[in-house]
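K.L.:
The structure file work04.txt (compact mmCIF, C-alpha atoms) is provided below.
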# COMPACT_ATOMS: atom_id res chain seq x y z
CA MET A 66 -10.07 -27.49 30.83
CA VAL A 67 -13.35 -25.97 29.67
CA ALA A 68 -16.02 -28.65 29.53
CA PRO A 69 -17.24 -29.02 25.95
CA PRO A 70 -20.89 -28.14 25.45
CA LYS A 71 -23.22 -30.49 23.66
CA ALA A 72 -21.98 -31.17 20.14
CA SER A 73 -23.97 -30.57 16.98
CA THR A 74 -25.29 -33.79 15.54
CA ALA A 75 -26.93 -32.75 12.27
CA MET A 76 -26.51 -30.20 9.54
CA GLY A 77 -29.44 -28.17 10.83
CA THR A 78 -28.59 -28.11 14.54
CA VAL A 79 -27.75 -24.84 16.19
CA GLU A 80 -26.23 -25.81 19.53
CA PRO A 81 -22.53 -25.00 20.09
CA ARG A 82 -20.27 -28.05 20.13
CA ASN A 83 -17.28 -26.58 21.97
CA ALA A 84 -16.10 -23.58 23.98
CA PHE A 85 -15.37 -21.48 20.90
CA GLU A 86 -18.87 -21.88 19.50
CA SER A 87 -20.27 -21.07 22.93
CA TYR A 88 -18.16 -17.92 22.99
CA ILE A 89 -19.14 -16.53 19.60
CA ALA A 90 -22.87 -17.09 20.01
CA PRO A 91 -25.28 -18.57 22.55
CA PRO A 92 -27.60 -21.42 21.49
CA ASN A 93 -30.11 -20.26 18.92
CA THR A 94 -33.15 -22.40 18.19
CA GLU A 95 -34.21 -20.48 15.09
CA ALA A 96 -31.26 -20.57 12.71
CA LYS A 97 -27.91 -22.31 12.48
CA ASN A 98 -25.05 -19.98 13.30
CA ALA A 99 -22.76 -19.60 10.28
CA HIS A 100 -19.71 -20.40 12.41
CA PHE A 101 -21.08 -23.59 13.96
CA ILE A 102 -19.89 -26.86 12.48
CA SER A 103 -21.86 -30.11 12.58
CA ASN A 104 -20.64 -33.71 12.91
CA GLU A 105 -21.43 -34.26 9.24
CA GLU A 106 -19.32 -31.29 8.18
CA LEU A 107 -16.41 -32.42 10.33
CA ASP A 108 -16.68 -35.97 9.02
CA LYS A 109 -16.55 -34.70 5.45
CA ARG A 110 -13.31 -32.86 6.21
CA PHE A 111 -11.78 -35.86 7.95
CA ARG A 112 -12.73 -38.21 5.11
CA SER A 113 -11.05 -35.86 2.63
CA HIS A 114 -7.82 -36.50 4.55
CA GLY A 115 -8.25 -40.27 4.39
CA ALA A 116 -9.97 -40.98 7.72
CA THR A 117 -11.93 -44.24 7.97
CA GLU A 118 -15.47 -44.42 9.32
CA SER A 119 -14.41 -46.15 12.52
CA LYS A 120 -12.05 -43.30 13.42
CA LEU A 121 -14.49 -40.43 12.89
CA PRO A 122 -16.02 -40.31 16.44
CA ALA A 123 -12.57 -40.17 18.07
CA MET A 124 -11.43 -37.50 15.61
CA ARG A 125 -14.47 -35.35 16.37
CA GLU A 126 -13.78 -35.66 20.08
CA ALA A 127 -10.13 -34.75 19.56
CA TYR A 128 -11.17 -31.74 17.49
CA ASP A 129 -13.41 -30.38 20.25
CA ASP A 130 -10.80 -31.11 22.93
CA LYS A 131 -8.22 -29.15 20.93
CA VAL A 132 -10.57 -26.18 20.51
CA ASN A 133 -11.45 -26.22 24.21
CA SER A 134 -7.76 -26.36 25.11
CA ILE A 135 -7.04 -23.31 22.94
CA MET A 136 -9.94 -21.42 24.50
CA GLU A 137 -8.73 -22.32 27.98
CA SER A 138 -5.37 -20.71 27.19
CA TYR A 139 -7.11 -17.37 26.65
CA ASP A 140 -7.73 -16.07 30.15
CA GLY A 141 -9.37 -19.21 31.48
CA GLY A 142 -11.55 -19.71 28.43
CA LYS A 143 -12.74 -16.11 28.19
CA LEU A 144 -11.41 -14.06 25.31
CA ILE A 145 -11.22 -10.34 25.95
CA LYS A 146 -14.51 -9.03 24.67
CA LYS A 147 -14.73 -5.62 26.33
CA TYR A 148 -13.29 -3.64 23.42
CA GLY A 149 -13.81 -3.77 19.68
CA ILE A 150 -12.80 -1.82 16.59
CA CYS A 151 -15.11 0.73 14.98
CA TYR A 152 -14.53 2.08 11.47
CA PRO A 153 -15.17 4.53 10.02
CA SER A 154 -14.65 6.51 13.20
CA LYS A 155 -17.68 8.22 14.70
CA LYS A 156 -15.55 11.25 15.63
CA PRO A 157 -15.58 14.37 13.42
CA GLU A 158 -12.83 14.34 10.83
CA ALA A 159 -9.81 16.43 11.72
CA GLY A 160 -9.58 19.89 10.19
CA ASP A 161 -9.26 20.07 6.42
CA PHE A 162 -7.60 16.65 6.04
CA ASP A 163 -9.45 15.00 3.16
CA PHE A 164 -9.63 11.30 4.06
CA GLN A 165 -11.38 10.29 0.86
CA ASP A 166 -8.79 11.90 -1.44
CA ARG A 167 -6.06 10.18 0.57
CA ALA A 168 -7.89 6.82 0.52
CA GLN A 169 -7.99 6.60 4.29
CA PHE A 170 -10.46 5.95 7.10
CA MET A 171 -10.28 6.89 10.74
CA LEU A 172 -10.98 4.14 13.24
CA ASP A 173 -11.60 3.89 16.97
CA TYR A 174 -11.15 1.47 19.76
CA TYR A 175 -14.69 1.01 21.03
CA ASP A 176 -15.97 0.09 24.48
CA LEU A 177 -18.67 -2.52 23.76
CA THR A 178 -20.25 -2.06 27.18
CA LYS A 179 -20.50 1.72 27.14
CA GLN A 180 -20.97 1.88 23.35
CA ALA A 181 -18.45 4.70 23.12
CA PRO A 182 -14.98 5.29 21.65
CA VAL A 183 -12.04 4.99 24.02
CA ASN A 184 -8.32 5.67 23.88
CA SER A 185 -5.93 2.74 23.36
CA PRO A 186 -6.80 0.02 25.91
CA PRO A 187 -3.76 -1.38 27.75
CA GLY A 188 -2.16 -4.23 25.81
CA TYR A 189 -4.15 -3.64 22.59
CA GLU A 190 -2.18 -3.19 19.37
CA LEU A 191 -3.04 -3.07 15.66
CA HIS A 192 -0.51 -4.47 13.17
CA LEU A 193 -0.62 -4.16 9.38
CA ASN A 194 -0.84 -7.39 7.39
CA ALA A 195 -1.18 -6.11 3.82
CA VAL A 196 -2.55 -3.35 1.61
CA ALA A 197 -4.64 -4.51 -1.32
CA ILE A 198 -4.57 -1.38 -3.51
CA PRO A 199 -2.39 -1.81 -6.63
CA GLY A 200 0.12 0.99 -6.93
CA MET A 201 -0.50 2.32 -3.41
CA TYR A 202 2.59 2.93 -1.33
CA SER A 203 2.13 0.76 1.72
CA GLY A 204 5.48 1.02 3.45
CA MET A 205 5.09 1.31 7.20
CA PRO A 206 7.69 0.94 9.92
CA PRO A 207 7.52 -2.33 11.87
CA GLY A 208 5.53 -2.35 15.05
CA PRO A 209 2.01 -1.34 16.07
CA LEU A 210 -0.15 1.36 14.50
CA HIS A 211 0.38 4.63 16.36
CA SER A 212 -2.15 7.38 16.82
CA TRP A 213 -1.90 10.93 15.51
CA GLU A 214 -1.33 12.11 19.06
CA TRP A 215 1.65 9.75 19.42
CA ALA A 216 3.11 11.16 16.18
CA PHE A 217 2.84 14.70 17.55
CA ARG A 218 4.32 13.65 20.91
CA VAL A 219 1.15 14.31 22.88
CA ARG A 220 1.31 12.64 26.27
CA PRO A 221 -1.36 9.95 26.81
CA ALA A 222 -2.46 11.75 29.97
CA ASP A 223 -3.23 14.86 27.88
CA ILE A 224 -5.52 13.06 25.40
CA ARG A 225 -9.17 13.50 26.31
CA PRO A 226 -11.04 10.20 26.84
CA GLY A 227 -12.20 8.73 23.53
CA GLU A 228 -10.43 11.38 21.43
CA GLU A 229 -7.33 9.43 20.34
CA ARG A 230 -7.20 9.31 16.55
CA PHE A 231 -6.01 6.52 14.26
CA SER A 232 -6.08 6.45 10.46
CA VAL A 233 -5.66 3.50 8.09
CA LEU A 234 -5.55 2.98 4.32
CA GLU A 235 -8.50 1.70 2.34
CA GLY A 236 -8.10 -1.96 1.43
CA SER A 237 -5.60 -2.65 4.19
CA CYS A 238 -5.77 -5.79 6.32
CA TRP A 239 -5.06 -5.53 10.05
CA ARG A 240 -4.66 -7.90 12.95
CA LEU A 241 -5.61 -7.02 16.51
CA GLU A 242 -3.23 -8.29 19.16
CA VAL A 243 -4.09 -8.27 22.85
CA HIS A 244 -1.12 -8.68 25.18
CA GLY A 245 0.86 -10.16 22.27
CA ARG A 246 -1.78 -12.64 21.13
CA GLU A 247 -3.64 -12.31 17.86
CA VAL A 248 -7.37 -12.01 18.51
CA MET A 249 -8.76 -11.22 15.06
CA ARG A 250 -8.07 -9.89 11.58
CA PHE A 251 -10.20 -7.44 9.65
CA LEU A 252 -10.20 -5.70 6.29
CA ILE A 253 -10.74 -1.96 5.80
CA PRO A 254 -13.27 -1.39 3.00
CA MET A 255 -12.60 0.54 -0.18
CA ARG A 256 -14.74 3.45 -1.33
CA PRO A 257 -16.03 3.40 -4.91
CA MET A 258 -13.62 5.32 -7.12
CA SER A 259 -15.11 8.52 -8.49
CA ALA A 260 -15.29 9.19 -12.24
CA GLU A 261 -12.87 12.10 -11.75
CA TYR A 262 -10.10 9.73 -10.73
CA MET A 263 -10.99 7.07 -13.30
CA ARG A 264 -10.91 9.46 -16.30
CA PRO A 265 -7.50 9.31 -18.01
CA ALA A 266 -5.66 12.61 -18.37
CA PRO A 267 -5.30 13.71 -22.02
CA PHE A 268 -1.83 13.50 -23.51
CA GLN A 269 -0.40 16.89 -24.35
CA PRO A 270 2.50 16.59 -26.83
CA ARG A 271 5.06 19.35 -26.88
CA ALA A 272 8.13 20.05 -28.92
CA LEU A 273 11.44 19.13 -27.42
CA GLU A 274 13.58 22.08 -26.48
CA ALA A 275 16.72 22.50 -28.57
What do you get writing this file as structure tokens?
P.N.:
Amino acid sequence: MVAPPKASTAMGTVEPRNAFESYIAPPNTEAKNAHFISNEELDKRFRSHGATESKLPAMREAYDDKVNSIMESYDGGKLIKKYGICYPSKKPEAGDFDFQDRAQFMLDYYDLTKQAPVNSPPGYELHLNAVAIPGMYSGMPPGPLHSWEWAFRVRPADIRPGEERFSVLEGSCWRLEVHGREVMRFLIPMRPMSAEYMRPAPFQPRALEA
């Protein structure tokens, strides 16, 4: 079990209270991290579910123990933090494929240590949750997002390091799974729609053929 760090005790404190808060950000003496939660904030939540004052300390302790237990289940308390997701991709766009007209972005797996794109890390998969564009066809086969190279049957060994290409729809929500466990979810942004696409096409009546 990961030993819980010192808990927050006031709304303005900035010290992490459990292993998750320690993971997402080290102690910061200047400003409260947006993801840190204080005793007062926890108590407010517990009271909303009917908890009495005498039970609050034990409930806070149980909360931190649960979080620490979950963190411990992820590789001994260390979530995989070597790779991230970068979008839009920093690679040049492919040929004459117009990503903007097709409402798509390219994205990369990104090595956070080397600050460079990489090919699919072992055990990393992206899965579609939803597409938030009304009227957009969003049907995708079940399973992970595959790269362009996979679609064209290019062998992984023949893909140059950092050159594997992935494309995703604007407004789509994805979850990153690492060795079958969900690590995070993220939303692909939407570009502002140009006036050309917003302008309605004029109606052209024509006589029906006899």
K.L.:
Report, in Å to a single decimal, how far apart atom CA of A:Asp166 and atom CA of A:Ser185 are.
P.N.:
26.6 Å
K.L.:
One number please: atom CA of A:Arg240 to atom CA of A:Glu80, in Å, one decimal.
P.N.:
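Pair atom CA of A:Arg240 / atom CA of A:Glu80 returns 28.8 Å.
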K.L.:
Using only C-alpha atoms, which of A:Asn184, A:His114, A:Glu137, A:Ile102 sits nearest A:Asp223?
P.N.:
A:Asn184
K.L.:
From (0.5, 7.2, 11.3), in the file's coordinates, out to 12 Å: which residues are reached, counting all atoms listed in the file? Answer as a list in words.
P.N.:
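Here the neighbourhood of the point contains Gln169, Phe170, Met171, Leu191, His192, Leu193, Ser203, Gly204, Met205, Pro206, Pro207, Gly208, Pro209, Leu210, His211, Ser212, Trp213, Glu214, Trp215, Ala216, Phe217, Arg230, Phe231, Ser232, Val233 and Leu234 of chain A.
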K.L.:
In Å, with one decimal, what is the gap from atom CA of A:Asp108 to atom CA of A:Lys120?
P.N.:
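Between these atoms lies a distance of 9.7 Å.
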K.L.:
Show me, as JSON, numbers by chain, the residues that have an atom within 12 Å of A:Leu107 when counting all atoms listed in the file, minus same-chain residues fewer than 3 positions from it.
P.N.:
{"A": [72, 73, 74, 75, 76, 82, 101, 102, 103, 104, 110, 111, 112, 113, 114, 116, 121, 122, 123, 124, 125, 126, 127, 128, 129]}
K.L.:
Hey, which of A:Ser119, A:Glu190, A:Ser138, A:Pro81 ends up closest to A:Gly245? Count all atoms listed in the file.
P.N.:
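Selected residue with least distance to A:Gly245: A:Glu190.
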